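Chemist: Here it is, the structure, as structure tokens.
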Number of protein chains: 2
Amino acid sequence: MAFFKNMPFRIGLDISGGDNAPAEVYKGAVLAHKELEHELTLVGVPSEIEDQAAKYPGSLKAFKVVEALEKIEMADSPVTAVRRKRNSSMVVGVNLVKAGKLDAFVSCGNTGALMCAATLITGMIPGVERPGIAVPMPTKKGPCLMIDVGANIDCSPQHLLQYAVMAAVYSRLVMGKSDPRVGILNIGEEESKGTELYKTTYKLLAATRLNFVGNIDAKSIFSGDCDCIVCDGLVGNIALKVAEGCADFIMKSFIGAGSKNVVGMLGLALMKGNLLEFKKNLDYAEYGGAILLGIDGIVIKGHGRSNALAVKNALKVAAQELSQHLTDEIKKSIDETYGDPAVRELLGDSR
Amino acid sequence: MAFFKNMPFRIGLDISGGDNAPAEVYKGAVLAHKELEHELTLVGVPSEIEDQAAKYPGSLKAFKVVEALEKIEMADSPVTAVRRKRNSSMVVGVNLVKAGKLDAFVSCGNTGALMCAATLITGMIPGVERPGIAVPMPTKKGPCLMIDVGANIDCSPQHLLQYAVMAAVYSRLVMGKSDPRVGILNIGEEESKGTELYKTTYKLLAATRLNFVGNIDAKSIFSGDCDCIVCDGLVGNIALKVAEGCADFIMKSFIGAGSKNVVGMLGLALMKGNLLEFKKNLDYAEYGGAILLGIDGIVIKGHGRSNALAVKNALKVAAQELSQHLTDEIKKSIDETYGDPAVRELLGDSR
């Protein structure tokens, strides 16, 4: 960690964001302080921070505190909340990133509001038209990054191209894949599958220097033969939620089936340890939440249900993105893609 | 079964359709003959039928046989196969329905080809523009019919309206729901969610006399609070395949977790009976496969992986659809919907 020691980053944390805020968020900051050598700034209502600090005597001196007078609730309408609650912890935190007073900001609060605040305040990476939300889906061979899962439900082929480029950079720098395989989520593997959006995107991605592996049949998401999967935000959001709903349904049915009789109950009890480990693998919180890509700055969305461990992981992801110069690398990769003659030819040189 | 005794239906079965054809298909016919009092006609290559008949001495006299000289394979391109293989069991069977020589035809073969043969040969129900494929999704409260899962990836709001009407009729007559609740698969519950397609469909469905319950968040498919869910074929196909892929992934991971150590293995062994029952609930084959709606005739698609039991169930579904006059009831309901002043006003009386 010599590298981190020499270059501490200034990372902000929204103390009011998330279902388990402020208790688990503060606890996550305490955990992160033990592990990371960065400057952590808590953004929120001071009295709330002090209440939590009282549980961990002496802990507060490890953090900087920036006052915010209100908070954005999980149920708030994103655009309205960001416009009206200018003194909320979320808006204050994102403004600190924009002003260069923080290197990154982490919030487990309202995803739509954070995306909106980041887009309006820090702005977009040049060449990226729309922000995207990516999530690491669990697969048989480790996580696969799926983008977009709901930021942009009216996608053009160029939006999907930009998502593919950004996801590949993220996968390489943050998830450690050396030459990430990129696919399109589709209804079958053949090039001719799907609507015009999908067919045009196929041609565009095939023209890039990405490690493009073609269409991924939706059934094969979980096989892990792909590192990044692009799709429009409507399809991606539904795919993600079907997977979550299905996993929940199966786990409950399974436990229900086990609880039906004494033999089953004994079986379930014996499997308890393995069951918990299995559930952990399914839990997105372990990976540190959703990933906002396209923003000209590091703004991290932790899972809304984050516990202290997930908050700590989100802070670690922020540090990793900073140390890998994620934003600059995405800028470079977007420029290279649009400078590529093969891509320019397909786009009619319109850019 | 007095009703069936007085009115035997003439039901055809594609002996060559499906991954387990002809063995399991023939066995399914034998099982169905014991349970149903209808006239069963096997359509296929005579030598294949005789080979299977030899396994069940005396069984062949229970069936009629119609000769077909070739078969459509699971991997064949649907349109090409239907056009070129005019003597295939599938095309011959559908032609018999069109000619009024069979009341219904069942095949576990290539879904796209069966849909294509049915559309081209028997034609569409008047007022229905596109056929749709529906599947019963398992939920906490029994199956929920999802339509369309891949027949039509470029849907208009009127296509979705027609799917909703047909699914509601099917759900009432075949699945026994007295006043089926109809919802739209979407990225959230609010009326404003989704693309223009979804917003316009919402208004249309709200104007009908259907028991419309609004948008269903994709996470809630499995809650069972809805009997019919409509969506465009691209989204529906991806949702179905994500659910299948996710279920497969979870079952395998679960069993893998149980097999990690002796305690877990013992637990799994004790749960075996409950596990099998649980798996059965997830298995679409139990419900008799996909449902082709919009066709002007009864053509049933059994699951490609059907075993004898699933084949028998598909034949039972055919008998049920016939006894309930499914096609006539759909015609009536489509007419009523388009005759409804509230719907006509929204459509600008264009029909």
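Letters A, B, ... go to the chains of the structure tokens in the order shown; residues in each chain start at 1; ligands are counted from 1 in the same order.
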Taking only C-alpha atoms into account and nothing else, which residues of chain A lie no more than 8 Å away from chain B? Please answer as JSON, numbers by chain.
Modeler: {"A": [139, 140, 150, 153, 154, 186, 187, 194, 195, 217, 218, 219, 220, 221, 222, 223, 234, 235, 237, 238, 239, 241, 242, 243, 244, 245, 246, 247, 249, 250, 253, 254, 257, 258, 260, 263, 264, 265, 266, 267, 268, 269, 270, 271, 274, 275, 277, 278]}
Chemist: What are the DSSP strand (DSSP E or B) residues of stretch 74-258 of chain A, as a PyMOL selection string?
Modeler: chain A and resi 88+104-107+124+132-137+144-147+181-186+211-217+228-230
Chemist: One decimal, in Å: what's the spacing between atom CA of B:Asn95 and atom CA of B:Tyr56?
Modeler: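 Separation of atom CA of B:Asn95 and atom CA of B:Tyr56: 28.9 Å.
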Chemist: Write out as a PyMOL selection string which residues come within 8 Å of B:Ala68 when counting only C-alpha atoms, dropping same-chain ones fewer than 4 positions away.
Modeler: chain B and resi 43-46+87-89+92
Chemist: Give me the residues near A:His33 as number ranges by chain, where near means some atom within 9 Å (using only C-alpha atoms) and where sequence neighbours in that chain fewer than 6 positions away do not count.
Modeler: A: 39-40, 62-63, 312
Chemist: Would you mind exporting N, CA and C atoms of the selected residues as an mmCIF file, in the first residue's frame?
Modeler:
data_model
loop_
_atom_site.group_PDB
_atom_site.id
_atom_site.type_symbol
_atom_site.label_atom_id
_atom_site.label_comp_id
_atom_site.auth_asym_id
_atom_site.auth_seq_id
_atom_site.Cartn_x
_atom_site.Cartn_y
_atom_site.Cartn_z
ATOM 1 N N GLU A 39 -7.961 10.248 2.988
ATOM 2 C CA GLU A 39 -8.637 11.255 3.797
ATOM 3 C C GLU A 39 -10.141 11.121 3.571
ATOM 4 N N LEU A 40 -10.857 10.700 4.605
ATOM 5 C CA LEU A 40 -12.302 10.497 4.460
ATOM 6 C C LEU A 40 -13.064 11.700 5.003
ATOM 7 N N ALA A 62 -10.745 10.861 13.107
ATOM 8 C CA ALA A 62 -10.173 10.285 11.881
ATOM 9 C C ALA A 62 -10.750 10.934 10.625
ATOM 10 N N PHE A 63 -11.875 11.624 10.769
ATOM 11 C CA PHE A 63 -12.593 12.134 9.585
ATOM 12 C C PHE A 63 -12.657 13.649 9.532
ATOM 13 N N LYS A 312 -17.791 0.101 3.227
ATOM 14 C CA LYS A 312 -16.321 0.055 3.179
ATOM 15 C C LYS A 312 -15.863 -0.360 1.778
#
Chemist: Excluding B:Ala21 and its own-chain neighbours fewer than 5 positions away, which residues fall within 10 Å of it when counting only C-alpha atoms? Please give them as a list in words.
Modeler: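 Selected residues are Asp14, Ile15, Ser16, Tyr26, Lys27, Glu48, Cys108, Gly109, Gly304, Arg305, Ser306, Asn307 and Ala308 of chain B.
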Chemist: Tell me, in Å to one decimal, how far atom CA of A:Gly28 is from atom CA of A:Arg86.
Modeler: 25.4 Å
Chemist: One number please: atom CA of B:Met115 to atom CA of B:Cys155, in Å, one decimal.
Modeler: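 Going from atom CA of B:Met115 over to atom CA of B:Cys155 covers 16.7 Å.
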Chemist: Counting only C-alpha atoms, figure out which residue out of B:Met7, B:Thr200, B:Lys55, B:Leu315 gets nearest to B:Leu42.
Modeler: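 The shortest atom-to-atom distance to B:Leu42 comes from B:Leu315.
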Chemist: Mind checking which residues fall within 7 Å of stretch 120-135 of chain A, counting only C-alpha atoms, ignoring those fewer than 3 positions away in the same chain, and posting them as an MDAnalysis selection string?
Modeler: chainID A and resid 94:95 98 116:117 145:152 159 162:163 290:297 331 334
Chemist: Keeping only C-alpha atoms, take the residues you just selected and write them out as a PDB file, in the first residue's frame.
Modeler:
ATOM      1  CA  VAL A  94     -21.138  16.122  -5.648  1.00  0.00           C
ATOM      2  CA  ASN A  95     -20.469  19.877  -5.657  1.00  0.00           C
ATOM      3  CA  LYS A  98     -16.934  19.429  -9.091  1.00  0.00           C
ATOM      4  CA  CYS A 116     -28.961  13.236 -11.843  1.00  0.00           C
ATOM      5  CA  ALA A 117     -26.795  15.289  -9.444  1.00  0.00           C
ATOM      6  CA  LEU A 145     -20.533  -6.070 -15.893  1.00  0.00           C
ATOM      7  CA  MET A 146     -23.975  -5.300 -17.362  1.00  0.00           C
ATOM      8  CA  ILE A 147     -24.639  -1.758 -18.699  1.00  0.00           C
ATOM      9  CA  ASP A 148     -27.140   0.026 -18.859  1.00  0.00           C
ATOM     10  CA  VAL A 149     -29.553  -1.118 -16.170  1.00  0.00           C
ATOM     11  CA  GLY A 150     -31.881   1.851 -16.143  1.00  0.00           C
ATOM     12  CA  ALA A 151     -30.298   5.274 -16.688  1.00  0.00           C
ATOM     13  CA  ASN A 152     -31.241   5.517 -20.356  1.00  0.00           C
ATOM     14  CA  HIS A 159     -25.006   5.304 -26.712  1.00  0.00           C
ATOM     15  CA  GLN A 162     -20.063   4.450 -25.589  1.00  0.00           C
ATOM     16  CA  TYR A 163     -21.324   2.107 -22.861  1.00  0.00           C
ATOM     17  CA  ALA A 290     -23.954   0.081  -8.988  1.00  0.00           C
ATOM     18  CA  ILE A 291     -21.406   1.881 -11.136  1.00  0.00           C
ATOM     19  CA  LEU A 292     -22.181   5.244 -12.720  1.00  0.00           C
ATOM     20  CA  LEU A 293     -20.229   5.564 -15.961  1.00  0.00           C
ATOM     21  CA  GLY A 294     -19.920   8.594 -18.196  1.00  0.00           C
ATOM     22  CA  ILE A 295     -19.701  11.167 -15.374  1.00  0.00           C
ATOM     23  CA  ASP A 296     -16.699  13.505 -15.548  1.00  0.00           C
ATOM     24  CA  GLY A 297     -15.602  12.684 -12.007  1.00  0.00           C
ATOM     25  CA  LYS A 331     -11.672   9.794 -22.007  1.00  0.00           C
ATOM     26  CA  ILE A 334     -13.599   7.202 -26.143  1.00  0.00           C
TER      27      ILE A 334
END
Chemist: Write out as a VMD selection string which residues come within 9 Å of A:Leu347 when counting only C-alpha atoms, dropping same-chain ones fewer than 4 positions away.
Modeler: chain A and resid 158 204 342 to 343 351
Chemist: Keeping only N, CA and C atoms, write the selected residues as an mmCIF file, in the first residue's frame.
Modeler:
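This is the output file selection37.cif:
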data_model
loop_
_atom_site.group_PDB
_atom_site.id
_atom_site.type_symbol
_atom_site.label_atom_id
_atom_site.label_comp_id
_atom_site.auth_asym_id
_atom_site.auth_seq_id
_atom_site.Cartn_x
_atom_site.Cartn_y
_atom_site.Cartn_z
ATOM 1 N N GLN A 158 -25.073 4.580 -30.853
ATOM 2 C CA GLN A 158 -23.877 5.252 -30.340
ATOM 3 C C GLN A 158 -23.838 5.278 -28.810
ATOM 4 N N LEU A 204 -21.375 -1.673 -35.291
ATOM 5 C CA LEU A 204 -20.486 -0.673 -34.691
ATOM 6 C C LEU A 204 -19.441 -1.330 -33.785
ATOM 7 N N ALA A 342 -12.242 2.853 -38.977
ATOM 8 C CA ALA A 342 -13.305 1.861 -39.216
ATOM 9 C C ALA A 342 -14.618 2.311 -38.577
ATOM 10 N N VAL A 343 -14.530 2.897 -37.387
ATOM 11 C CA VAL A 343 -15.732 3.385 -36.704
ATOM 12 C C VAL A 343 -16.257 4.628 -37.416
ATOM 13 N N ARG A 351 -18.790 12.770 -36.890
ATOM 14 C CA ARG A 351 -18.216 13.384 -35.692
ATOM 15 C C ARG A 351 -16.779 13.811 -35.944
#
